[in-house]
Every structure is written in C-alpha cells, then in structure tokens.
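entry-v8.tsv (TSV, C-alpha atoms and all ligand atoms) appears below.
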```
chain	number	residue	atom	x	y	z
A	28	MET	CA	0.00	0.00	0.00
A	29	ILE	CA	1.11	3.53	-0.73
A	30	LEU	CA	0.62	6.17	1.95
A	31	VAL	CA	-0.01	9.65	0.53
A	32	CYS	CA	0.44	12.37	3.15
A	33	GLY	CA	-1.37	15.51	2.05
A	34	GLY	CA	-3.47	13.55	-0.47
A	35	ALA	CA	-6.40	15.99	-0.20
A	36	GLY	CA	-4.33	18.91	-1.47
A	37	TYR	CA	-3.96	20.15	-5.02
A	38	ILE	CA	-1.01	18.05	-6.19
A	39	GLY	CA	-1.64	15.22	-3.73
A	40	SER	CA	-5.22	14.64	-4.89
A	41	HIS	CA	-4.16	14.53	-8.56
A	42	THR	CA	-1.45	12.01	-7.73
A	43	VAL	CA	-3.92	9.86	-5.76
A	44	PHE	CA	-6.24	9.78	-8.81
A	45	GLU	CA	-3.40	8.60	-11.07
A	46	LEU	CA	-2.23	5.96	-8.57
A	47	ILE	CA	-5.76	4.55	-8.26
A	48	GLU	CA	-6.13	4.61	-12.05
A	49	ASP	CA	-2.93	2.55	-12.16
A	50	GLY	CA	-4.48	-0.05	-9.83
A	51	LYS	CA	-2.55	0.88	-6.68
A	52	GLU	CA	-3.92	0.65	-3.14
A	53	VAL	CA	-3.76	4.10	-1.58
A	54	ILE	CA	-4.11	5.48	1.94
A	55	VAL	CA	-4.52	9.23	2.32
A	56	VAL	CA	-3.54	11.13	5.46
A	57	ASP	CA	-4.55	14.78	5.53
A	58	ASN	CA	-5.46	17.26	8.28
A	59	LEU	CA	-7.71	19.17	5.82
A	60	GLU	CA	-6.11	22.48	6.86
A	61	THR	CA	-5.69	23.38	3.20
A	62	GLY	CA	-6.89	20.17	1.52
A	63	HIS	CA	-10.45	19.22	0.60
A	64	LYS	CA	-12.23	16.01	1.52
A	65	LYS	CA	-14.10	16.12	-1.80
A	66	ALA	CA	-10.77	16.04	-3.67
A	67	ILE	CA	-9.90	12.58	-2.33
A	68	SER	CA	-10.74	9.68	-4.63
A	69	ASN	CA	-13.42	7.52	-2.96
A	70	LYS	CA	-11.27	4.49	-3.80
A	71	ALA	CA	-8.58	5.63	-1.36
A	72	LYS	CA	-8.72	4.89	2.39
A	73	PHE	CA	-8.79	8.23	4.22
A	74	TYR	CA	-7.46	9.16	7.68
A	75	ASN	CA	-8.18	12.68	8.88
A	76	GLY	CA	-5.23	13.71	11.03
A	77	ASP	CA	-1.95	15.51	11.32
A	78	ILE	CA	1.49	14.05	10.61
A	79	ARG	CA	2.82	15.91	13.67
A	80	ASP	CA	0.54	13.73	15.82
A	81	ARG	CA	2.82	10.80	16.62
A	82	LYS	CA	0.05	8.59	18.05
A	83	PHE	CA	-2.19	9.16	15.07
A	84	LEU	CA	0.55	8.36	12.57
A	85	GLU	CA	1.53	5.28	14.56
A	86	LYS	CA	-2.06	4.03	14.28
A	87	VAL	CA	-2.08	4.55	10.49
A	88	PHE	CA	1.15	2.58	10.11
A	89	LYS	CA	-0.08	-0.18	12.47
A	90	GLU	CA	-3.39	-0.63	10.69
A	91	ASN	CA	-1.99	-0.79	7.16
A	92	LYS	CA	0.79	-2.61	5.37
A	93	ILE	CA	2.55	0.44	4.01
A	94	ASP	CA	5.28	-0.17	1.48
A	95	SER	CA	6.15	3.38	0.48
A	96	VAL	CA	5.19	7.00	1.14
A	97	ILE	CA	4.54	10.03	-1.04
A	98	HIS	CA	4.78	13.15	1.08
A	99	PHE	CA	2.91	16.34	0.11
A	100	ALA	CA	1.81	17.42	3.60
A	101	ALA	CA	3.29	20.90	4.00
A	102	ASN	CA	2.53	24.59	3.92
A	103	SER	CA	3.65	26.13	0.66
A	104	LEU	CA	3.10	29.89	0.44
A	105	VAL	CA	6.12	32.15	0.06
A	106	GLY	CA	4.39	35.26	1.44
A	107	GLU	CA	2.89	33.49	4.45
A	108	SER	CA	6.25	31.89	5.22
A	109	MET	CA	7.91	35.33	5.36
A	110	GLU	CA	5.30	36.50	7.91
A	111	ASN	CA	5.12	33.30	9.93
A	112	PRO	CA	8.33	31.30	9.46
A	113	LEU	CA	7.88	29.18	12.59
A	114	LYS	CA	4.61	27.79	11.26
A	115	TYR	CA	6.70	26.46	8.34
A	116	TYR	CA	9.34	24.95	10.61
A	117	ASP	CA	6.63	23.29	12.67
A	118	ASN	CA	4.52	21.78	9.89
A	119	ASN	CA	7.16	21.16	7.22
A	120	VAL	CA	10.26	20.27	9.23
A	121	TYR	CA	8.88	18.87	12.50
A	122	GLY	CA	6.06	17.07	10.63
A	123	THR	CA	8.60	15.38	8.38
A	124	GLN	CA	10.69	14.40	11.41
A	125	ILE	CA	7.70	12.56	12.94
A	126	LEU	CA	6.94	10.93	9.59
A	127	LEU	CA	10.52	9.71	9.19
A	128	GLU	CA	10.65	8.39	12.76
A	129	THR	CA	7.42	6.47	12.20
A	130	MET	CA	8.59	5.11	8.85
A	131	ASN	CA	11.81	3.95	10.44
A	132	ARG	CA	10.01	2.23	13.33
A	133	HIS	CA	7.85	0.36	10.81
A	134	ASN	CA	10.71	-0.43	8.47
A	135	VAL	CA	9.24	1.58	5.57
A	136	LYS	CA	12.23	2.54	3.43
A	137	LYS	CA	10.93	4.46	0.41
A	138	ILE	CA	9.64	8.02	0.17
A	139	VAL	CA	8.95	10.44	-2.67
A	140	PHE	CA	8.67	14.00	-1.51
A	141	SER	CA	7.58	17.45	-2.78
A	142	SER	CA	10.41	19.90	-2.89
A	143	THR	CA	10.45	23.16	-4.75
A	144	ALA	CA	12.33	25.47	-7.07
A	145	ALA	CA	12.33	27.85	-4.07
A	146	VAL	CA	15.32	25.90	-2.66
A	147	TYR	CA	17.51	27.59	-5.30
A	148	GLY	CA	16.67	31.16	-4.35
A	149	GLU	CA	17.81	33.70	-6.94
A	150	PRO	CA	19.54	31.49	-9.54
A	151	LYS	CA	22.97	32.39	-10.98
A	152	SER	CA	22.19	30.85	-14.37
A	153	ILE	CA	19.18	29.60	-16.34
A	154	PRO	CA	18.06	26.85	-16.81
A	155	ILE	CA	18.51	25.70	-13.22
A	156	MET	CA	20.28	22.36	-12.78
A	157	GLU	CA	19.96	20.05	-9.78
A	158	THR	CA	23.69	20.57	-9.14
A	159	ASP	CA	23.27	24.35	-8.79
A	160	LYS	CA	23.80	25.98	-5.41
A	161	THR	CA	20.83	26.29	-3.07
A	162	PHE	CA	20.29	29.65	-1.34
A	163	PRO	CA	16.57	29.97	-0.48
A	164	THR	CA	15.30	33.54	-0.18
A	165	ASN	CA	12.27	32.67	1.97
A	166	PRO	CA	11.38	30.32	4.86
A	167	TYR	CA	9.21	28.16	2.60
A	168	GLY	CA	12.22	27.26	0.41
A	169	GLU	CA	14.46	27.05	3.48
A	170	THR	CA	12.21	24.52	5.23
A	171	LYS	CA	11.96	22.41	2.06
A	172	LEU	CA	15.76	22.40	1.80
A	173	THR	CA	15.97	21.41	5.47
A	174	MET	CA	13.58	18.54	4.74
A	175	GLU	CA	15.82	17.40	1.85
A	176	LYS	CA	18.77	17.37	4.23
A	177	MET	CA	16.82	15.38	6.82
A	178	PHE	CA	16.14	12.78	4.11
A	179	LYS	CA	19.80	12.67	3.17
A	180	TRP	CA	20.88	11.91	6.73
A	181	ALA	CA	17.98	9.51	7.32
A	182	ASP	CA	19.16	7.62	4.24
A	183	SER	CA	22.73	7.40	5.49
A	184	ALA	CA	21.70	6.36	9.03
A	185	TYR	CA	18.58	4.21	8.45
A	186	GLY	CA	18.70	3.38	4.73
A	187	ILE	CA	15.47	5.24	3.94
A	188	LYS	CA	15.67	5.93	0.20
A	189	TYR	CA	14.15	9.17	-1.02
A	190	ILE	CA	13.39	11.01	-4.21
A	191	SER	CA	13.08	14.75	-3.89
A	192	LEU	CA	11.08	16.37	-6.69
A	193	ARG	CA	11.79	20.07	-7.02
A	194	TYR	CA	8.65	21.46	-8.64
A	195	PHE	CA	8.53	24.69	-10.54
A	196	ASN	CA	5.11	26.39	-10.99
A	197	VAL	CA	2.30	23.86	-10.98
A	198	ALA	CA	-0.96	24.64	-12.80
A	199	GLY	CA	-3.92	23.03	-14.56
A	200	ALA	CA	-6.52	20.51	-13.47
A	201	HIS	CA	-7.52	16.88	-13.96
A	202	ILE	CA	-8.92	16.00	-17.39
A	203	THR	CA	-12.18	14.75	-15.82
A	204	GLU	CA	-12.66	18.28	-14.39
A	205	LYS	CA	-13.61	16.64	-11.07
A	206	ILE	CA	-10.61	18.01	-9.22
A	207	GLY	CA	-8.50	21.13	-9.63
A	208	GLU	CA	-6.80	23.95	-7.77
A	209	ASP	CA	-8.74	25.48	-4.88
A	210	HIS	CA	-6.85	27.47	-2.25
A	211	ASN	CA	-8.41	29.77	0.29
A	212	PRO	CA	-7.29	32.48	0.12
A	213	GLU	CA	-6.00	32.02	-3.42
A	214	THR	CA	-2.53	33.46	-3.96
A	215	HIS	CA	-1.39	31.74	-7.16
A	216	LEU	CA	-1.18	33.58	-10.43
A	217	ILE	CA	-3.21	31.41	-12.84
A	218	PRO	CA	-6.22	30.76	-10.57
A	219	ILE	CA	-6.36	34.47	-9.68
A	220	ILE	CA	-6.29	35.44	-13.36
A	221	LEU	CA	-9.10	32.95	-14.02
A	222	GLN	CA	-11.13	34.40	-11.16
A	223	VAL	CA	-10.93	37.73	-12.99
A	224	ALA	CA	-12.15	35.95	-16.15
A	225	LEU	CA	-15.08	34.62	-14.11
A	226	ASP	CA	-15.80	38.17	-12.86
A	227	LYS	CA	-15.11	37.04	-9.29
A	228	ARG	CA	-12.34	39.65	-9.04
A	229	GLU	CA	-12.12	42.99	-10.73
A	230	LYS	CA	-8.46	42.76	-11.78
A	231	ILE	CA	-5.15	41.04	-11.31
A	232	PHE	CA	-2.30	42.92	-9.62
A	233	ILE	CA	1.04	42.29	-11.29
A	234	PHE	CA	3.60	42.12	-8.49
A	235	GLY	CA	6.28	44.42	-9.90
A	236	ASP	CA	7.24	45.36	-13.45
A	237	ASP	CA	10.75	46.61	-12.70
A	238	TYR	CA	12.54	43.26	-12.71
A	239	ASN	CA	15.44	42.69	-15.06
A	240	THR	CA	13.38	40.65	-17.55
A	241	SER	CA	12.12	41.28	-21.12
A	242	ASP	CA	8.90	42.99	-19.98
A	243	GLY	CA	9.92	43.71	-16.38
A	244	THR	CA	7.66	41.07	-14.80
A	245	CYS	CA	8.78	37.85	-13.09
A	246	ILE	CA	9.40	34.75	-15.16
A	247	ARG	CA	8.30	31.27	-14.10
A	248	ASP	CA	8.25	27.77	-15.58
A	249	TYR	CA	4.73	26.28	-15.54
A	250	ILE	CA	4.10	22.54	-15.38
A	251	HIS	CA	0.80	20.65	-15.54
A	252	VAL	CA	-0.37	18.95	-12.36
A	253	THR	CA	-1.06	15.62	-14.13
A	254	ASP	CA	2.46	15.56	-15.60
A	255	LEU	CA	3.70	16.17	-12.08
A	256	ALA	CA	1.53	13.35	-10.71
A	257	HIS	CA	3.07	10.97	-13.27
A	258	ALA	CA	6.55	12.02	-12.17
A	259	HIS	CA	5.72	10.85	-8.63
A	260	MET	CA	4.68	7.44	-9.93
A	261	LEU	CA	7.87	7.15	-11.97
A	262	ALA	CA	9.89	8.18	-8.92
A	263	LEU	CA	8.29	5.38	-6.88
A	264	GLU	CA	9.06	2.89	-9.66
A	265	TYR	CA	12.63	4.17	-9.65
A	266	LEU	CA	12.94	3.45	-5.93
A	267	ASN	CA	11.22	0.06	-6.36
A	268	LYS	CA	14.03	-0.85	-8.77
A	269	ALA	CA	16.49	-0.35	-5.88
A	270	ASN	CA	17.97	2.85	-7.29
A	271	LYS	CA	19.78	5.27	-5.01
A	272	SER	CA	18.19	8.35	-3.47
A	273	ASN	CA	18.08	11.24	-5.90
A	274	ILE	CA	16.87	14.78	-6.63
A	275	PHE	CA	15.05	15.90	-9.79
A	276	ASN	CA	13.78	19.22	-11.10
A	277	LEU	CA	10.34	19.19	-12.70
A	278	GLY	CA	9.39	21.96	-15.07
A	279	ASN	CA	8.84	22.51	-18.78
A	280	GLY	CA	12.13	24.29	-19.42
A	281	GLU	CA	10.41	27.38	-20.80
A	282	GLY	CA	9.83	30.61	-18.92
A	283	PHE	CA	6.78	32.87	-19.15
A	284	SER	CA	6.47	36.33	-17.66
A	285	VAL	CA	3.45	37.34	-15.58
A	286	LYS	CA	2.33	39.56	-18.48
A	287	GLU	CA	2.66	36.67	-20.95
A	288	ILE	CA	0.53	34.44	-18.73
A	289	ILE	CA	-2.18	37.12	-18.56
A	290	GLU	CA	-2.05	37.47	-22.36
A	291	ALA	CA	-2.32	33.68	-22.87
A	292	ALA	CA	-5.29	33.58	-20.45
A	293	ARG	CA	-6.99	36.35	-22.45
A	294	LYS	CA	-6.71	34.13	-25.55
A	295	VAL	CA	-7.98	31.02	-23.79
A	296	THR	CA	-10.90	32.67	-21.98
A	297	GLY	CA	-11.85	35.43	-24.44
A	298	HIS	CA	-12.10	37.78	-21.43
A	299	PRO	CA	-10.22	41.13	-21.39
A	300	ILE	CA	-8.76	40.38	-17.89
A	301	LYS	CA	-8.00	43.77	-16.38
A	302	SER	CA	-4.56	44.11	-14.80
A	303	GLU	CA	-2.73	46.71	-12.74
A	304	ILE	CA	0.91	47.02	-11.76
A	305	GLY	CA	1.37	46.63	-8.01
A	306	GLU	CA	4.29	46.42	-5.59
A	307	ARG	CA	6.85	43.60	-5.75
A	308	ARG	CA	6.01	40.66	-3.48
A	309	VAL	CA	8.68	40.10	-0.83
A	310	GLY	CA	10.72	36.92	-1.37
A	311	ASP	CA	9.93	36.51	-5.10
A	312	PRO	CA	12.94	35.54	-7.24
A	313	GLU	CA	13.10	37.27	-10.63
A	314	LYS	CA	13.35	34.25	-12.89
A	315	LEU	CA	12.94	30.50	-12.32
A	316	VAL	CA	13.24	28.11	-15.25
A	317	ALA	CA	14.10	24.44	-14.86
A	318	SER	CA	16.30	22.03	-16.63
A	319	SER	CA	14.32	18.78	-16.33
A	320	GLU	CA	16.71	16.80	-18.54
A	321	LYS	CA	17.72	14.62	-15.62
A	322	ALA	CA	14.11	13.57	-14.87
A	323	LYS	CA	13.53	12.86	-18.56
A	324	ARG	CA	16.70	10.82	-18.80
A	325	GLU	CA	16.63	8.88	-15.53
A	326	LEU	CA	12.92	8.67	-14.63
A	327	LYS	CA	11.86	8.48	-18.32
A	328	TRP	CA	9.45	11.32	-17.55
A	329	LYS	CA	7.61	12.73	-20.60
A	330	PRO	CA	5.41	15.77	-19.86
A	331	LYS	CA	2.32	15.87	-22.10
A	332	TYR	CA	1.17	19.44	-21.52
A	333	ILE	CA	4.03	21.41	-22.97
A	334	ASP	CA	2.35	24.54	-24.25
A	335	ILE	CA	1.15	27.18	-21.84
A	336	GLU	CA	-2.27	27.63	-23.46
A	337	SER	CA	-3.19	23.97	-22.97
A	338	ILE	CA	-2.16	24.22	-19.31
A	339	ILE	CA	-4.27	27.36	-18.81
A	340	GLU	CA	-7.16	25.81	-20.75
A	341	SER	CA	-7.20	22.78	-18.46
A	342	ALA	CA	-7.29	25.08	-15.41
A	343	TRP	CA	-10.02	27.15	-17.09
A	344	ASN	CA	-12.23	24.08	-17.68
A	345	TRP	CA	-12.13	23.31	-13.95
A	346	HIS	CA	-12.69	26.90	-12.81
A	347	LYS	CA	-15.61	27.38	-15.22
A	348	ASN	CA	-17.34	24.23	-13.97
A	349	SER	CA	-16.47	24.77	-10.31
A	350	PRO	CA	-16.34	28.54	-9.79
A	351	ASP	CA	-16.63	28.00	-6.03
A	352	GLY	CA	-14.05	25.22	-6.01
A	353	PHE	CA	-14.94	22.21	-3.86
A	354	LYS	CA	-17.61	24.21	-2.05
A	355	GLY	CA	-19.77	24.21	-5.19
B	401	LIG	N1	1.93	37.03	-9.18
B	401	LIG	C1	1.38	38.26	-9.51
B	401	LIG	N2	0.12	38.56	-9.05
B	401	LIG	C2	-0.60	37.71	-8.26
B	401	LIG	C3	-0.04	36.44	-7.95
B	401	LIG	C4	1.23	36.15	-8.43
B	401	LIG	O1	2.00	39.07	-10.22
B	401	LIG	O2	-1.72	38.06	-7.84
B	401	LIG	C5	3.27	36.69	-9.69
B	401	LIG	C6	4.28	36.37	-8.59
B	401	LIG	O3	4.94	37.54	-8.17
B	401	LIG	C7	5.21	35.39	-9.32
B	401	LIG	C8	4.31	34.68	-10.32
B	401	LIG	O4	3.15	35.50	-10.43
B	401	LIG	O5	6.18	36.10	-10.05
B	401	LIG	C9	3.89	33.30	-9.86
B	401	LIG	O6	3.40	33.39	-8.52
B	401	LIG	P1	2.67	32.21	-7.79
B	401	LIG	O7	2.22	32.73	-6.45
B	401	LIG	O8	1.60	31.65	-8.68
B	401	LIG	O9	3.77	31.09	-7.63
B	401	LIG	P2	5.25	31.12	-6.96
B	401	LIG	O10	6.18	31.53	-8.07
B	401	LIG	O11	5.21	32.04	-5.80
B	401	LIG	O12	5.46	29.70	-6.56
```

Whole structure, structure tokens version:
Amino acid sequence: MILVCGGAGYIGSHTVFELIEDGKEVIVVDNLETGHKKAISNKAKFYNGDIRDRKFLEKVFKENKIDSVIHFAANSLVGESMENPLKYYDNNVYGTQILLETMNRHNVKKIVFSSTAAVYGEPKSIPIMETDKTFPTNPYGETKLTMEKMFKWADSAYGIKYISLRYFNVAGAHITEKIGEDHNPETHLIPIILQVALDKREKIFIFGDDYNTSDGTCIRDYIHVTDLAHAHMLALEYLNKANKSNIFNLGNGEGFSVKEIIEAARKVTGHPIKSEIGERRVGDPEKLVASSEKAKRELKWKPKYIDIESIIESAWNWHKNSPDGFKG
C-alpha cells in the first residue's frame, strides 16, 4: 500500500487519482487544513489527522501494510512563510521528522517528496540544474531544503531511500474536471487570473514590473499537475528498482512572464482580464526556469502538456465548472 500524506491537497489529490487509475492501493492522510475532503478519490482509504501527531501516525502505520510513502503534507506559500516562518518549521520540518521516525520504526524505506524550485533562491544561471547551489530567499524554500537534508541523513543512518522532486510552478486541473486547484485564500497567479475571467475579481495585480526581464515582470516555468503526478509514480518505480536516493527538477524548461501568462489567459478565456501594476512581493525571485533533462533521462518522464495555453485551458475548464471550487 502507498501512503499519501497531504493527499487531499492540489497536487496530492491529482497524484492519488493517477495511482488509483494505475491499480494501486492508496491510503490518504490529511489534516484538511488546506486540503479538501471532496478532492480525495473515494477508492482511497482516508485518515483525517496531522502528521505531527505521533500517536495518530503510529495508528495509520499499524493498521496498514505500508510499502512506500509520497509526502505532500506541507505549507507552501512564500508570502505566508515570510510573515510566519515558525509555522513552516513546525509543519514542514517537525512534521517530516515525525513521519521519518514512524517510517523507520515500521521499516518503511521508500519516500517520494515534494520539494520546490524555491530551494535555489535567486539562480545564478538559467536553466537551473539540480547541481546548482541552493540559497533559499524565503522560509518556505528554506524549510523544504531542510527537509531534503533530513532525508539525506535519514538515508545514510537508516537506509530510507528518497526522491526529492523540485517542482517549478504547478498549474492546470484533472482532465475529468472533477478536481482542480482550490486554495483559500487564493494566492497563485493562474487561478487568480481565471477568477478575474469569471468576474469574481475585478483585476489582477502584477507584483512588480521593474525586474530585469524582457517585460519587467517575473518569469516562471509552468508545469501541468497531471504531468507532475506521473513524475511521482515514476519516482516510486525508480525506488522500487532499488535505485539510489536522488533529486530531480520538474518543469517545462520554458519561462513565461506574468504579463505573458495574462495574455495567454486572455486568448484562452476570451475575457479582457483587467490588470494593474502593483508592488513587488517580498521573497519573489526574478526568474525561475528548470532544466528537467535529468528527470527525462533517468525517470523516463515525458510531460504531455508542454504549451502554456493547454495548461491554462485545463485550469479554465475546472474553474468554469467549479467557480466555487470544492464548495460548489
Ligand atoms: N503574481 C502576480 N500577481 C498575483 C499572484 C502572483 O503578479 O496576484 C506573480 C508572482 O509575483 C510570481 C508569479 O506570479 O512572479 C507566480 O506566482 P505564484 O504565487 O503563482 O507562484 P510562486 O512563483 O510564488 O510559486
């Protein structure tokens, strides 16, 4: 059985759907702080609880024959992490410590885990390689890097093998349109733009247009959530073949500015999408674009959604059908 921590969240729920589709037995643990019960496939066994709760986690491991873990349970907002860093240390770092201790007690030796491009901070060169230096510029990235280091030492001491997947900007929704991105409050660029297209917001604020980029707005590398879900499955297969622990970037290798994303969304939605230049957001790096050659080569990962309009269109289909997210 595969334990998915944070399986009610955006990326977790999409991965659970793909695992079930592939015939796997899945257990979801989620405290529903940011996740949604409705996002969990009804074919997965669900435990509502927190990974920091040692007794609760012990019960989950006792009651199930867990073979491997995919770990999404974390807080993931750059801005919030700048204002409340200790929340990030508590949930992301301490939570992972309890998870690793419990895995070790139950002799579970394989874990795939969500890391982030935020571990790199402001990159020296583009595209970013896994061998590049890591200098996070915010507590979110810092706690994810700390988690990676915990895995490294847990591997050397207890033989727990890990794959760290450093995601770039995740977007889009499941092809069935049953699940998609729903954060409250929403802070991510594409869902906010689509809320403007749905007339739920008046305009989108562009966080700074004085960066050293072609049009002055920040550049990001957007990857579809289903492509990301497949990468987790390939990472598990990789560990099942007794490969060593490893780290992979996951992105499309192409950067789009905030203005370019708004323009692409105008094309997809046919809505004028009003925008206004606002202040820079603290902690935002100027440009993040991945090299995912290593994942393609070693995991045999092949992203299917490689053009930005198809990614935005898939998000749009979900937002149109579920304008109130999982509450609808
Ligand atoms: N962004 C923006 N306006 C918004 C939300 C985001 O201009 O209302 C910008 C943000 O500064 C960043 C990019 O869009 O450059 C992507 O931000 P998001 O929060 O989606 O992801 P992050 O890069 O923080 O993981």

Item to check | All residues 12 Å or closer to Lys82 of chain A, all atoms listed in the file, same chain fewer than 4 positions away omitted, as an MDAnalysis selection string | outcome: chainID A and resid 76:78 86:89 125:126 128:129

Checklist entry - Using only C-alpha atoms and all ligand atoms, which protein or nucleic acid residues are at most 6 Å from ligand LIG 401 (chain B), as a list in words? => result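 Result of the 6 Å neighbour search around ligand LIG 401 (chain B): Val105, Asn196, Thr214, His215, Leu216, Ile231, Phe232, Ile233, Phe234, Cys245, Val285, Arg308 and Asp311 of chain A.
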
Item to check | Selection near Gly278 of chain A, 7 Å with all atoms listed in the file, sequence-local residues under 2 positions removed, as JSON, numbers by chain | outcome: {"A": [194, 195, 248, 249, 250, 276, 280, 317, 319]}

Next on the checklist: Taking 2 positions as the minimum chain separation for residues in the same chain, which residues sit within 8 Å of Thr42 of chain A when counting only C-alpha atoms? Answer as a PyMOL selection string.
Outcome noted: chain A and resi 34+38-40+44-46+253+255-257+259-260

Checklist entry - From the list A:Tyr265, A:Tyr37, A:Tyr167, A:Phe178, which residue is nearest Pro112 of chain A when using all atoms listed in the file? => result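 Comparing A:Tyr265, A:Tyr37, A:Tyr167, A:Phe178 against Pro112 of chain A, the winner is A:Tyr167.
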
Tell me, counting only C-alpha atoms, for each residue of segment 159-254 of chain A within 10 Å of segment 291-303 of chain A, which pair of atoms is nearest and how far apart they are in Å to one decimal, in rows ordered by chain and increasing number, as JSON lines.
```
{"residue": "A:Ile217", "atom": "CA", "partner": "A:Ala292", "partner_atom": "CA", "distance": 8.2}
{"residue": "A:Ile220", "atom": "CA", "partner": "A:Ile300", "partner_atom": "CA", "distance": 7.1}
{"residue": "A:Leu221", "atom": "CA", "partner": "A:Ala292", "partner_atom": "CA", "distance": 7.5}
{"residue": "A:Gln222", "atom": "CA", "partner": "A:Ile300", "partner_atom": "CA", "distance": 9.3}
{"residue": "A:Val223", "atom": "CA", "partner": "A:Ile300", "partner_atom": "CA", "distance": 6.0}
{"residue": "A:Ala224", "atom": "CA", "partner": "A:His298", "partner_atom": "CA", "distance": 5.6}
{"residue": "A:Leu225", "atom": "CA", "partner": "A:His298", "partner_atom": "CA", "distance": 8.5}
{"residue": "A:Asp226", "atom": "CA", "partner": "A:Ile300", "partner_atom": "CA", "distance": 8.9}
{"residue": "A:Arg228", "atom": "CA", "partner": "A:Lys301", "partner_atom": "CA", "distance": 9.5}
{"residue": "A:Glu229", "atom": "CA", "partner": "A:Lys301", "partner_atom": "CA", "distance": 7.0}
{"residue": "A:Lys230", "atom": "CA", "partner": "A:Lys301", "partner_atom": "CA", "distance": 4.7}
{"residue": "A:Ile231", "atom": "CA", "partner": "A:Ser302", "partner_atom": "CA", "distance": 4.7}
{"residue": "A:Phe232", "atom": "CA", "partner": "A:Glu303", "partner_atom": "CA", "distance": 4.9}
{"residue": "A:Ile233", "atom": "CA", "partner": "A:Glu303", "partner_atom": "CA", "distance": 6.0}
{"residue": "A:Phe234", "atom": "CA", "partner": "A:Glu303", "partner_atom": "CA", "distance": 8.9}
{"residue": "A:Gly235", "atom": "CA", "partner": "A:Glu303", "partner_atom": "CA", "distance": 9.7}
```

Item to check | A:His98, A:Lys321, A:Lys65, A:Lys314 ranked by distance to Gly33 of chain A, top pick (using only C-alpha atoms) | outcome: A:His98

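By all atoms listed in the file, and with residues fewer than 6 positions from Arg324 of chain A along its chain excluded, the set lying at most 12 Å from it is Leu261, Phe275, Asn276 and Ser318 of chain A.
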
Next on the checklist: Using only C-alpha atoms, which protein or nucleic acid residues come within 10 Å of Asn211 of chain A? Drop anything in the same chain fewer than 5 positions from it, and give the result as a list in words.
Outcome noted: Thr61, Gly62 and Gly352 of chain A

Write a file of the selected residues as a compact mmCIF listing (two decimals), in the coordinates of the input, keeping C-alpha atoms.
```txt
# COMPACT_ATOMS: atom_id res chain seq x y z
CA THR A 61 -5.69 23.38 3.20
CA GLY A 62 -6.89 20.17 1.52
CA GLY A 352 -14.05 25.22 -6.01
```

Checklist entry - How many Å separate atom CA of Val135 of chain A from atom CA of Ser95 of chain A? => result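 Computing it gives 6.2 Å between the two atoms.
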
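When only C-alpha atoms are used to compute distances to Asn273 of chain A, the closest of the residues A:Phe140, A:Ser191, A:Lys286, A:Glu313 turns out to be A:Ser191.
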
Checklist entry - Could you work out how far atom CA of Glu175 of chain A lies from atom CA of Ile67 of chain A, giving the answer in Å with one decimal? => result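 We find that atom CA of Ile67 of chain A and atom CA of Glu175 of chain A lie 26.5 Å from each other.
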
Checklist entry - How many Å separate atom CA of Gly207 of chain A from atom CA of Glu336 of chain A? => result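 Between these atoms lies a distance of 16.5 Å.
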